[in-house]
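The structure file work.tsv is reproduced below (TSV, C-alpha atoms).
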```tsv
chain	number	residue	atom	x	y	z
X	271	MET	CA	5.29	2.47	6.83
X	272	GLU	CA	1.96	2.63	4.94
X	273	GLN	CA	3.58	4.63	2.14
X	274	GLN	CA	6.38	2.04	1.88
X	275	LEU	CA	3.90	-0.84	1.77
X	276	SER	CA	1.88	0.98	-0.88
X	277	GLU	CA	5.02	1.36	-2.98
X	278	ILE	CA	5.81	-2.36	-2.63
X	279	ILE	CA	2.26	-3.40	-3.55
X	280	GLY	CA	2.33	-1.13	-6.58
X	281	ALA	CA	5.65	-2.69	-7.63
X	282	ILE	CA	4.15	-6.18	-7.21
X	283	TYR	CA	1.21	-5.36	-9.48
X	284	ASP	CA	3.55	-3.88	-12.08
X	285	CYS	CA	4.98	-7.40	-12.40
X	286	VAL	CA	1.75	-8.65	-13.98
X	287	ALA	CA	2.63	-6.57	-17.02
X	288	ARG	CA	6.41	-6.90	-16.81
X	289	GLU	CA	7.94	-10.10	-15.53
X	290	ASP	CA	11.35	-8.42	-15.43
X	291	ALA	CA	10.00	-6.04	-12.76
X	292	TRP	CA	10.01	-8.82	-10.13
X	293	PRO	CA	13.61	-8.26	-8.94
X	294	ASN	CA	12.73	-4.68	-8.02
X	295	ALA	CA	9.60	-5.77	-6.12
X	296	LEU	CA	11.52	-8.51	-4.31
X	297	ARG	CA	14.31	-6.05	-3.47
X	298	LEU	CA	11.73	-3.75	-1.84
X	299	ILE	CA	10.39	-6.70	0.18
X	300	ASN	CA	13.97	-7.53	1.21
X	301	GLY	CA	14.37	-4.01	2.53
X	302	GLN	CA	11.26	-4.24	4.70
X	303	VAL	CA	12.35	-7.39	6.54
X	304	ASN	CA	16.15	-7.01	6.34
X	305	GLY	CA	16.40	-9.97	3.99
X	306	PHE	CA	19.61	-11.12	2.35
X	307	LEU	CA	18.17	-12.86	-0.72
X	308	THR	CA	14.57	-13.33	-1.83
X	309	THR	CA	13.25	-15.77	-4.40
X	310	LEU	CA	9.83	-16.16	-5.97
X	311	ALA	CA	9.09	-19.33	-7.92
X	312	VAL	CA	6.19	-21.28	-9.38
X	313	PHE	CA	7.06	-24.97	-9.64
X	314	ASP	CA	5.50	-27.54	-11.93
X	315	THR	CA	5.13	-30.46	-9.52
X	316	THR	CA	5.02	-33.02	-12.32
X	317	THR	CA	8.38	-32.05	-13.80
X	318	ARG	CA	9.98	-30.30	-10.79
X	319	SER	CA	10.78	-27.41	-13.10
X	320	ALA	CA	10.22	-23.70	-12.46
X	321	ARG	CA	7.62	-21.94	-14.60
X	322	LEU	CA	8.50	-18.64	-12.93
X	323	ALA	CA	11.75	-17.96	-11.09
X	324	GLN	CA	12.88	-14.56	-9.85
X	325	ILE	CA	15.67	-13.61	-7.44
X	326	ALA	CA	16.73	-10.39	-5.72
X	327	CYS	CA	20.06	-10.00	-3.90
X	328	ASP	CA	22.87	-7.43	-3.89
X	329	ASP	CA	25.47	-10.21	-4.02
X	330	GLY	CA	25.73	-11.64	-7.53
X	331	GLU	CA	27.92	-14.54	-6.45
X	332	ALA	CA	25.33	-15.53	-3.84
X	333	ILE	CA	22.69	-15.66	-6.58
X	334	ARG	CA	24.88	-17.90	-8.74
X	335	THR	CA	25.56	-20.19	-5.77
X	336	LEU	CA	21.87	-20.48	-4.94
X	337	VAL	CA	20.93	-21.24	-8.54
X	338	ALA	CA	23.62	-23.93	-8.72
X	339	HIS	CA	22.18	-25.77	-5.71
X	340	ALA	CA	18.48	-24.85	-5.91
X	341	LYS	CA	17.45	-28.38	-6.91
X	342	ASP	CA	19.09	-29.81	-3.79
X	343	VAL	CA	16.23	-28.66	-1.52
X	344	PRO	CA	15.04	-31.78	0.36
X	345	PHE	CA	11.60	-30.31	1.07
X	346	PHE	CA	10.29	-29.97	-2.48
X	347	HIS	CA	7.64	-32.66	-1.97
X	348	LEU	CA	6.28	-30.76	1.05
X	349	LEU	CA	5.60	-27.43	-0.67
X	350	HIS	CA	1.95	-28.27	-1.33
X	351	ARG	CA	1.41	-28.65	2.44
X	352	MET	CA	2.28	-25.03	3.14
X	353	GLU	CA	-0.74	-22.83	3.83
X	354	ILE	CA	-1.47	-19.92	1.52
X	355	ASP	CA	-0.49	-16.49	2.90
X	356	GLN	CA	0.95	-18.02	6.10
X	357	PRO	CA	4.66	-17.12	6.45
X	358	ASP	CA	6.84	-19.32	8.64
X	359	THR	CA	10.48	-20.34	9.08
X	360	LEU	CA	12.51	-23.41	8.14
X	361	GLU	CA	11.36	-25.05	11.37
X	362	ARG	CA	7.94	-25.60	9.74
X	363	MET	CA	9.57	-27.62	6.97
X	364	PHE	CA	11.63	-29.58	9.50
X	365	SER	CA	8.42	-30.50	11.30
X	366	LEU	CA	6.62	-31.49	8.08
X	367	TYR	CA	9.57	-33.63	7.00
X	368	GLY	CA	9.77	-35.60	10.23
X	369	PRO	CA	12.11	-36.19	13.20
X	370	ASP	CA	15.26	-36.02	11.10
X	371	GLY	CA	14.15	-32.98	9.07
X	372	GLU	CA	16.76	-30.59	10.48
X	373	ALA	CA	19.58	-33.14	10.19
X	374	VAL	CA	18.70	-33.86	6.55
X	375	TRP	CA	18.65	-30.14	5.83
X	376	LYS	CA	22.01	-29.40	7.44
X	377	SER	CA	23.71	-32.28	5.65
X	378	GLY	CA	22.40	-31.11	2.28
X	379	ALA	CA	24.33	-29.27	-0.45
X	380	LEU	CA	22.16	-26.14	-0.36
X	381	HIS	CA	22.74	-25.56	3.35
X	382	GLN	CA	26.45	-26.29	3.19
X	383	ASN	CA	27.19	-24.30	0.04
X	384	PHE	CA	24.78	-21.40	0.36
X	385	HIS	CA	23.42	-20.95	3.90
X	386	ALA	CA	26.65	-21.72	5.76
X	387	ARG	CA	28.82	-19.83	3.27
X	388	TYR	CA	26.79	-16.61	3.35
X	389	GLY	CA	25.77	-16.64	7.01
X	390	VAL	CA	22.10	-17.34	6.26
X	391	LEU	CA	20.63	-18.53	9.56
X	392	ASN	CA	17.02	-19.07	8.52
X	393	SER	CA	14.38	-18.19	5.95
X	394	ILE	CA	10.82	-16.92	5.86
X	395	ASP	CA	8.77	-19.05	3.48
X	396	MET	CA	5.20	-18.67	2.26
X	397	ALA	CA	2.98	-20.33	-0.35
X	398	VAL	CA	1.48	-17.85	-2.83
X	399	LEU	CA	-0.13	-20.25	-5.32
X	400	LYS	CA	-1.55	-23.77	-5.01
X	401	ARG	CA	-2.88	-25.64	-8.03
X	402	PRO	CA	-3.12	-29.41	-8.67
X	403	THR	CA	0.16	-29.40	-10.64
X	404	ARG	CA	1.73	-26.07	-9.59
X	405	VAL	CA	2.94	-24.55	-6.36
X	406	GLY	CA	4.19	-20.99	-5.97
X	407	THR	CA	6.36	-19.86	-3.06
X	408	ILE	CA	8.28	-16.84	-1.85
X	409	ASN	CA	11.44	-17.48	0.17
X	410	ILE	CA	13.33	-14.77	2.06
X	411	SER	CA	16.79	-15.85	3.26
X	412	VAL	CA	17.82	-13.93	6.39
X	413	GLN	CA	21.09	-13.60	8.27
X	414	TYR	CA	19.31	-13.53	11.64
X	415	GLU	CA	16.80	-15.64	13.55
X	416	PRO	CA	13.39	-14.09	12.78
X	417	SER	CA	11.44	-13.70	15.99
X	418	GLU	CA	9.70	-10.33	15.67
X	419	ARG	CA	5.99	-10.65	14.91
X	420	ARG	CA	6.30	-7.51	12.78
X	421	VAL	CA	8.38	-9.33	10.17
X	422	PHE	CA	5.82	-12.12	9.70
X	423	ASP	CA	2.94	-9.62	9.70
X	424	ILE	CA	4.54	-7.66	6.86
X	425	VAL	CA	5.17	-10.76	4.75
X	426	GLY	CA	1.68	-12.08	5.49
X	427	LEU	CA	0.13	-8.74	4.54
X	428	LEU	CA	1.97	-8.77	1.21
X	429	GLY	CA	1.01	-12.42	0.57
X	430	PRO	CA	-2.40	-11.86	-1.10
X	431	HIS	CA	-0.97	-9.16	-3.35
X	432	ILE	CA	1.88	-11.44	-4.47
X	433	ARG	CA	-0.66	-14.22	-4.96
X	434	ARG	CA	-2.84	-12.02	-7.15
X	435	ALA	CA	0.07	-11.05	-9.39
X	436	VAL	CA	1.41	-14.62	-9.59
X	437	THR	CA	-2.06	-16.10	-10.21
X	438	ILE	CA	-2.77	-13.79	-13.14
X	439	HIS	CA	0.72	-14.38	-14.53
X	440	ASP	CA	0.22	-18.13	-14.22
X	441	MET	CA	-3.20	-17.94	-15.93
X	442	PHE	CA	-2.02	-16.24	-19.04
X	443	GLU	CA	1.76	-16.39	-19.28
X	444	MET	CA	0.84	-13.46	-21.45
X	445	GLU	CA	2.81	-11.62	-24.05
X	446	ARG	CA	4.91	-8.95	-22.37
X	447	ALA	CA	5.08	-5.33	-23.46
X	448	GLU	CA	7.84	-2.99	-22.43
X	449	ALA	CA	5.61	-0.51	-20.63
X	450	ALA	CA	2.49	-2.32	-19.48
X	451	VAL	CA	-0.36	-4.70	-20.22
X	452	LEU	CA	-1.51	-2.76	-23.28
X	453	ARG	CA	-4.93	-2.87	-24.89
X	454	GLU	CA	-3.52	-4.63	-27.96
X	455	VAL	CA	-2.09	-7.41	-25.78
X	456	ILE	CA	-5.27	-7.84	-23.74
X	457	ASP	CA	-7.38	-7.87	-26.89
X	458	ALA	CA	-5.34	-10.75	-28.30
X	459	LEU	CA	-5.82	-13.00	-25.25
X	460	ASP	CA	-8.13	-16.01	-25.35
X	461	HIS	CA	-9.17	-15.30	-21.75
X	462	ALA	CA	-11.86	-12.71	-21.10
X	463	VAL	CA	-10.59	-9.42	-19.69
X	464	PHE	CA	-12.70	-6.44	-18.65
X	465	ILE	CA	-11.38	-3.01	-17.70
X	466	VAL	CA	-13.91	-1.32	-15.41
X	467	ALA	CA	-14.40	1.94	-13.56
X	468	GLU	CA	-14.91	2.01	-9.79
X	469	ASP	CA	-18.70	1.76	-10.27
X	470	MET	CA	-18.17	-1.34	-12.51
X	471	THR	CA	-18.87	0.59	-15.73
X	472	ILE	CA	-17.27	-1.39	-18.56
X	473	LEU	CA	-14.59	0.76	-20.18
X	474	PHE	CA	-13.10	-1.97	-22.35
X	475	ALA	CA	-13.68	-5.64	-23.05
X	476	ASN	CA	-11.54	-7.83	-25.26
X	477	GLU	CA	-13.12	-10.16	-27.83
X	478	ALA	CA	-13.30	-13.06	-25.38
X	479	ALA	CA	-15.02	-10.81	-22.81
X	480	GLU	CA	-17.52	-9.58	-25.40
X	481	ALA	CA	-18.35	-13.21	-26.12
X	482	ARG	CA	-18.98	-13.80	-22.39
X	483	LEU	CA	-21.36	-10.83	-22.36
X	484	ARG	CA	-23.28	-12.19	-25.35
X	485	GLU	CA	-23.57	-15.62	-23.75
X	486	GLN	CA	-24.78	-14.11	-20.45
X	487	HIS	CA	-24.01	-17.38	-18.64
X	488	VAL	CA	-21.83	-15.97	-15.88
X	489	VAL	CA	-21.59	-12.21	-16.52
X	490	HIS	CA	-23.71	-9.64	-18.28
X	491	SER	CA	-23.95	-5.89	-18.80
X	492	LEU	CA	-26.49	-4.06	-16.68
X	493	SER	CA	-26.89	-0.44	-17.82
X	494	GLY	CA	-23.31	-0.53	-19.04
X	495	ARG	CA	-21.96	-1.99	-15.81
X	496	LEU	CA	-20.39	-5.42	-15.43
X	497	ALA	CA	-22.55	-7.72	-13.32
X	498	ALA	CA	-22.32	-11.37	-12.36
X	499	ARG	CA	-25.28	-13.72	-12.60
X	500	TYR	CA	-24.24	-15.20	-9.27
X	501	SER	CA	-25.17	-12.55	-6.69
X	502	TYR	CA	-22.38	-13.46	-4.26
X	503	ALA	CA	-19.84	-13.18	-7.07
X	504	GLY	CA	-21.17	-9.80	-8.18
X	505	ALA	CA	-20.85	-8.42	-4.67
X	506	ALA	CA	-17.35	-9.89	-4.27
X	507	LEU	CA	-16.09	-8.36	-7.54
X	508	SER	CA	-17.63	-4.94	-6.84
X	509	ASN	CA	-16.14	-4.93	-3.35
X	510	ALA	CA	-12.68	-5.87	-4.65
X	511	VAL	CA	-12.76	-3.19	-7.35
X	512	ALA	CA	-13.81	-0.53	-4.84
X	513	LEU	CA	-11.20	-1.61	-2.29
X	514	GLY	CA	-8.43	-1.60	-4.87
X	515	ALA	CA	-9.42	1.84	-6.12
X	516	ARG	CA	-9.40	3.34	-2.63
X	517	ASP	CA	-6.42	1.58	-1.09
X	518	GLU	CA	-4.45	-1.29	-2.62
X	519	ILE	CA	-3.15	-2.33	0.81
X	520	SER	CA	-6.69	-3.05	2.06
X	521	LEU	CA	-7.49	-5.20	-0.99
X	522	ALA	CA	-5.61	-8.16	0.54
X	523	ALA	CA	-7.26	-11.49	-0.37
X	524	ALA	CA	-10.39	-9.95	-1.92
X	525	GLY	CA	-10.93	-10.63	-5.61
X	526	ILE	CA	-8.81	-13.78	-6.14
X	527	ASP	CA	-10.31	-17.06	-7.42
X	528	VAL	CA	-13.88	-15.70	-7.13
X	529	PRO	CA	-16.30	-18.44	-8.37
X	530	LEU	CA	-18.71	-16.90	-10.89
X	531	ALA	CA	-21.55	-19.36	-11.32
X	532	SER	CA	-23.42	-22.36	-10.05
X	533	ALA	CA	-21.98	-25.00	-12.36
X	534	GLU	CA	-19.93	-28.15	-12.00
X	535	ARG	CA	-16.90	-26.53	-13.65
X	536	PRO	CA	-17.20	-22.84	-12.76
X	537	ALA	CA	-15.25	-19.96	-14.20
X	538	VAL	CA	-13.37	-17.87	-11.65
X	539	ALA	CA	-12.31	-14.24	-11.71
X	540	HIS	CA	-9.30	-12.27	-10.47
X	541	VAL	CA	-9.29	-8.52	-9.88
X	542	LEU	CA	-6.15	-6.48	-10.61
X	543	PRO	CA	-6.26	-2.84	-9.37
X	544	LEU	CA	-5.21	-0.26	-11.97
X	545	GLN	CA	-5.50	3.04	-10.09
X	546	ARG	CA	-1.76	3.57	-9.75
X	547	ARG	CA	-1.12	2.35	-13.27
X	548	THR	CA	-3.59	4.84	-14.79
X	549	GLU	CA	-1.64	7.62	-13.11
X	550	ARG	CA	1.29	6.60	-15.32
X	551	GLY	CA	-0.76	6.95	-18.48
X	552	ARG	CA	-1.21	3.24	-19.14
X	553	PHE	CA	-5.00	3.04	-19.12
X	554	GLU	CA	-8.02	5.34	-19.31
X	555	SER	CA	-8.12	7.78	-16.40
X	556	ARG	CA	-11.36	6.23	-15.10
X	557	ALA	CA	-9.98	2.68	-15.09
X	558	ALA	CA	-10.14	1.21	-11.57
X	559	ALA	CA	-9.46	-2.47	-12.23
X	560	ALA	CA	-8.92	-5.20	-14.77
X	561	ILE	CA	-11.05	-8.29	-14.21
X	562	PHE	CA	-9.61	-11.50	-15.66
X	563	LEU	CA	-11.90	-14.49	-16.18
X	564	ALA	CA	-10.30	-17.93	-16.15
X	565	ALA	CA	-11.79	-20.70	-18.26
X	566	ALA	CA	-14.30	-23.03	-16.64
X	567	GLY	CA	-12.64	-25.90	-14.83
X	568	THR	CA	-9.25	-24.18	-14.66
X	569	VAL	CA	-9.39	-23.98	-10.87
X	570	VAL	CA	-10.59	-26.81	-8.64
X	571	GLN	CA	-12.01	-25.43	-5.40
X	572	SER	CA	-13.71	-26.87	-2.38
X	573	ALA	CA	-16.85	-25.16	-1.11
X	574	VAL	CA	-14.85	-23.78	1.82
X	575	GLU	CA	-12.28	-22.28	-0.55
X	576	ALA	CA	-15.13	-20.74	-2.56
X	577	VAL	CA	-16.58	-19.13	0.57
X	578	ALA	CA	-13.13	-17.77	1.45
X	579	ALA	CA	-12.70	-16.32	-2.05
X	580	LEU	CA	-16.16	-14.76	-2.18
X	581	PHE	CA	-15.89	-13.06	1.19
X	582	ALA	CA	-12.12	-12.44	1.44
X	583	LEU	CA	-11.73	-14.54	4.58
X	584	THR	CA	-8.39	-14.71	6.37
X	585	PRO	CA	-6.61	-18.10	6.58
X	586	ALA	CA	-7.76	-18.45	10.20
X	587	GLU	CA	-11.37	-17.66	9.27
X	588	ARG	CA	-11.15	-20.11	6.37
X	589	ARG	CA	-10.11	-22.87	8.77
X	590	VAL	CA	-13.03	-22.09	11.09
X	591	VAL	CA	-15.49	-22.30	8.18
X	592	GLY	CA	-14.03	-25.72	7.39
X	593	TYR	CA	-14.65	-26.88	10.94
X	594	VAL	CA	-18.20	-25.49	10.87
X	595	SER	CA	-18.89	-27.27	7.57
X	596	GLU	CA	-17.93	-30.53	9.29
X	597	GLY	CA	-20.60	-29.89	11.94
X	598	MET	CA	-18.23	-29.13	14.82
X	599	THR	CA	-19.46	-27.09	17.79
X	600	ARG	CA	-17.74	-23.94	18.96
X	601	SER	CA	-16.02	-25.75	21.82
X	602	GLU	CA	-14.88	-28.52	19.48
X	603	ILE	CA	-13.43	-25.92	17.11
X	604	ALA	CA	-11.60	-24.29	20.02
X	605	ASN	CA	-10.11	-27.65	21.05
X	606	ALA	CA	-9.10	-28.46	17.47
X	607	GLN	CA	-7.25	-25.15	17.17
X	608	GLY	CA	-5.87	-25.12	20.69
X	609	VAL	CA	-7.39	-21.70	21.43
X	610	ALA	CA	-9.87	-20.25	23.89
X	611	ASP	CA	-13.61	-20.40	23.26
X	612	GLY	CA	-13.66	-16.59	23.17
X	613	THR	CA	-11.21	-16.60	20.26
X	614	VAL	CA	-13.49	-18.84	18.21
X	615	LYS	CA	-16.46	-16.68	19.17
X	616	SER	CA	-14.64	-13.61	17.81
X	617	GLN	CA	-13.63	-15.46	14.64
X	618	LEU	CA	-17.21	-16.58	14.03
X	619	ALA	CA	-18.47	-13.04	14.60
X	620	ALA	CA	-16.07	-11.75	11.93
X	621	ILE	CA	-17.16	-14.52	9.54
X	622	TYR	CA	-20.85	-13.76	10.12
X	623	ASP	CA	-20.19	-10.08	9.48
X	624	LYS	CA	-18.45	-10.81	6.16
X	625	THR	CA	-20.82	-13.49	4.87
X	626	GLY	CA	-24.15	-12.29	6.27
X	627	ALA	CA	-24.69	-15.64	7.98
X	628	GLU	CA	-26.61	-15.44	11.26
X	629	ASP	CA	-25.26	-18.52	12.99
X	630	GLN	CA	-23.37	-21.77	12.39
X	631	ARG	CA	-26.40	-23.43	10.83
X	632	SER	CA	-26.86	-20.69	8.22
X	633	LEU	CA	-23.09	-20.75	7.58
X	634	GLN	CA	-23.33	-24.51	6.94
X	635	GLN	CA	-26.21	-23.82	4.54
X	636	LEU	CA	-24.05	-21.29	2.68
X	637	VAL	CA	-21.31	-23.91	2.27
X	638	ARG	CA	-23.89	-26.41	0.98
X	639	GLU	CA	-25.22	-23.88	-1.51
X	640	LEU	CA	-21.70	-23.28	-2.78
X	641	SER	CA	-20.82	-26.95	-3.11
X	642	PRO	CA	-22.37	-27.52	-6.59
X	643	PRO	CA	-20.43	-24.70	-8.31
X	644	VAL	CA	-17.05	-25.89	-7.12
X	645	ARG	CA	-17.14	-29.65	-7.53
X	646	ARG	CA	-16.06	-31.41	-10.66
X	647	ALA	CA	-18.31	-34.10	-12.06
```
As structure tokens, how would this structure be written, given the file I've shared?
Amino acid sequence: MEQQLSEIIGAIYDCVAREDAWPNALRLINGQVNGFLTTLAVFDTTTRSARLAQIACDDGEAIRTLVAHAKDVPFFHLLHRMEIDQPDTLERMFSLYGPDGEAVWKSGALHQNFHARYGVLNSIDMAVLKRPTRVGTINISVQYEPSERRVFDIVGLLGPHIRRAVTIHDMFEMERAEAAVLREVIDALDHAVFIVAEDMTILFANEAAEARLREQHVVHSLSGRLAARYSYAGAALSNAVALGARDEISLAAAGIDVPLASAERPAVAHVLPLQRRTERGRFESRAAAAIFLAAAGTVVQSAVEAVAALFALTPAERRVVGYVSEGMTRSEIANAQGVADGTVKSQLAAIYDKTGAEDQRSLQQLVRELSPPVRRA
């Protein structure tokens, strides 16, 4: 299973360089969860158009039918309410829509022409990108009622890796090369890109990255190694690079949307592991990761989201930090989540271990410290 997941994750990261590689990655995901058809899309919420749309299915006619009725989805306006990296079924959308959610769905053209025609009983849906004007989702249509926890665990595990690939694609919509993200392409980008070794030694920096190093506002070179001025960010990037070099599966949510500085409109960074791609002769043999820096103000984060990005918190841990930031006690958090006090105690222990906070008060202080860098004026 681990070897199969590693192959899927590698295929997902290949899509950063080659958009036409997505059908293969989605086909591999299909195989893991016995899916019938899988789609990945990034929607522009202002125009309701797709900036990225990829489909994998062995039935060409089914693909054509889906495409013909894709705009008939009655839940488009609810996509932004889906939680990142949290897979669920159609029942979630029914609930978000309201009491008549299921009836509206079953009377719609997509259900009648695609789901009913091809025996699709349900779908597994997950948000992989959330921006003020863009939402990215993966949708796996299945010809069975998904009830096994294993299926959701697999999709949830793949979520951060899909999110990383989609986020970097969305940042740049970069020029595509047949084989890979080549040096010439990276060098031509307006965004700063660093290629680093596992110990953060800078192996290559495009012109925009060199400019960032000269400015020394958010990153600088320390004995030839890339370092962030913001200590939390430096630790987060180093950790993500090391994790990706050792085991791409374990990278998960680490190294995505990492805030880089204490400023009102902070730059953020995304880490793309390169270990498997160097084995194919695409980069220097020592290359462990590419670090992409987004322009200041590109991403609007709350302090809680910044904490989650810096310390690679799970969605559940991120929610708990939100409750703590609001001043809720442990028992109040347990009641809000509908779980036992012991569960919250375990969640807090994991959060303290990741962040270095000693208790809820110091965790609140951490959130306060992170508030300036992630709020717009």
Taking only C-alpha atoms into account, which of X:Ala435, X:Val541, X:Ala505, X:Ala326 comes nearest Phe306 of chain X?
X:Ala326
Residue nearest Ser276 of chain X - candidates X:Leu530, X:Ala295, X:Ala311, X:Val405, atoms counted: only C-alpha atoms:
X:Ala295
Skipping near chain neighbours, those fewer than 5 positions away, what residues fall within 12 Å of Val374 of chain X using all atoms listed in the file, listed as an MDAnalysis selection string?
chainID X and resid 342:345 363:365 367:369 379:382
Would you put the residues from that selection into a file with C-alpha atoms, as a tab-separated table (two decimals), in the frame of the given file?
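Result went into result-v1.tsv, see below:
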```
chain	number	residue	atom	x	y	z
X	342	ASP	CA	19.09	-29.81	-3.79
X	343	VAL	CA	16.23	-28.66	-1.52
X	344	PRO	CA	15.04	-31.78	0.36
X	345	PHE	CA	11.60	-30.31	1.07
X	363	MET	CA	9.57	-27.62	6.97
X	364	PHE	CA	11.63	-29.58	9.50
X	365	SER	CA	8.42	-30.50	11.30
X	367	TYR	CA	9.57	-33.63	7.00
X	368	GLY	CA	9.77	-35.60	10.23
X	369	PRO	CA	12.11	-36.19	13.20
X	379	ALA	CA	24.33	-29.27	-0.45
X	380	LEU	CA	22.16	-26.14	-0.36
X	381	HIS	CA	22.74	-25.56	3.35
X	382	GLN	CA	26.45	-26.29	3.19
```
Show me, as JSON, the centre and edge lengths in Å to one decimal of the axis-aligned box that covers every listed atom of segment 336-350 of chain X with 6 Å on each side.
```
{"center_x": 12.8, "center_y": -26.6, "center_z": -3.8, "size_x": 33.7, "size_y": 24.2, "size_z": 21.8}
```
Atomic distance atom CA of Asn294 of chain X - atom CA of Ile432 of chain X, expressed in Å with one decimal:
13.3 Å
Of the candidates X:Leu563, X:Ala539, X:Ala620, X:Val511, which shows the shortest atom-to-atom distance to His461 of chain X, using all atoms listed in the file?
X:Leu563
Residue nearest Gln356 of chain X - candidates X:Thr584, X:Ser417, X:Gln634, X:Ser493, atoms counted: only C-alpha atoms
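Going through X:Thr584, X:Ser417, X:Gln634, X:Ser493 one by one, the smallest distance to Gln356 of chain X is for X:Thr584.
In this model, the gap between atom CA of Ala604 of chain X and atom CA of Arg638 of chain X comes to 22.8 Å.
The space between atom CA of Asp370 of chain X and atom CA of Phe422 of chain X spans 25.7 Å.
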Which one of X:Gly626, X:Val609, X:Lys400, X:Leu428 sits closest to Gln571 of chain X if you count only C-alpha atoms?
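Closest residue, counting only C-alpha atoms: X:Lys400.
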Pick the closest to Ile325 of chain X from X:Ser411, X:Phe384, X:His347, X:Arg404: which is it, counting all atoms listed in the file?
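Using all atoms listed in the file, Ile325 of chain X sits closest to X:Ser411.
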Taking 3 positions as the minimum chain separation for residues in the same chain, which residues sit within 9 Å of Ser508 of chain X when counting only C-alpha atoms? Answer as a ChimeraX atom specification.
/X:468-470,497,503-505,511-513,525
Would you mind listing what lies within 12 Å of Gln486 of chain X as an mmCIF file with C-alpha atoms, in the coordinates of the input, with all atoms listed in the file counted and same-chain residues fewer than 3 positions away left out?
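Done, and the output landed in selection.cif:
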```cif
data_model
loop_
_atom_site.group_PDB
_atom_site.id
_atom_site.type_symbol
_atom_site.label_atom_id
_atom_site.label_comp_id
_atom_site.auth_asym_id
_atom_site.auth_seq_id
_atom_site.Cartn_x
_atom_site.Cartn_y
_atom_site.Cartn_z
ATOM 1 C CA ALA X 479 -15.020 -10.810 -22.810
ATOM 2 C CA GLU X 480 -17.520 -9.580 -25.400
ATOM 3 C CA ALA X 481 -18.350 -13.210 -26.120
ATOM 4 C CA ARG X 482 -18.980 -13.800 -22.390
ATOM 5 C CA LEU X 483 -21.360 -10.830 -22.360
ATOM 6 C CA VAL X 489 -21.590 -12.210 -16.520
ATOM 7 C CA HIS X 490 -23.710 -9.640 -18.280
ATOM 8 C CA SER X 491 -23.950 -5.890 -18.800
ATOM 9 C CA LEU X 492 -26.490 -4.060 -16.680
ATOM 10 C CA LEU X 496 -20.390 -5.420 -15.430
ATOM 11 C CA ALA X 497 -22.550 -7.720 -13.320
ATOM 12 C CA ALA X 498 -22.320 -11.370 -12.360
ATOM 13 C CA ARG X 499 -25.280 -13.720 -12.600
ATOM 14 C CA TYR X 500 -24.240 -15.200 -9.270
ATOM 15 C CA LEU X 530 -18.710 -16.900 -10.890
ATOM 16 C CA ALA X 531 -21.550 -19.360 -11.320
#
```
For Asp527 of chain X, work out the shell of residues within 7 Å, counting only C-alpha atoms and skipping chain neighbours fewer than 4 positions away, then give it as a PyMOL selection string.
chain X and resi 538-540+579
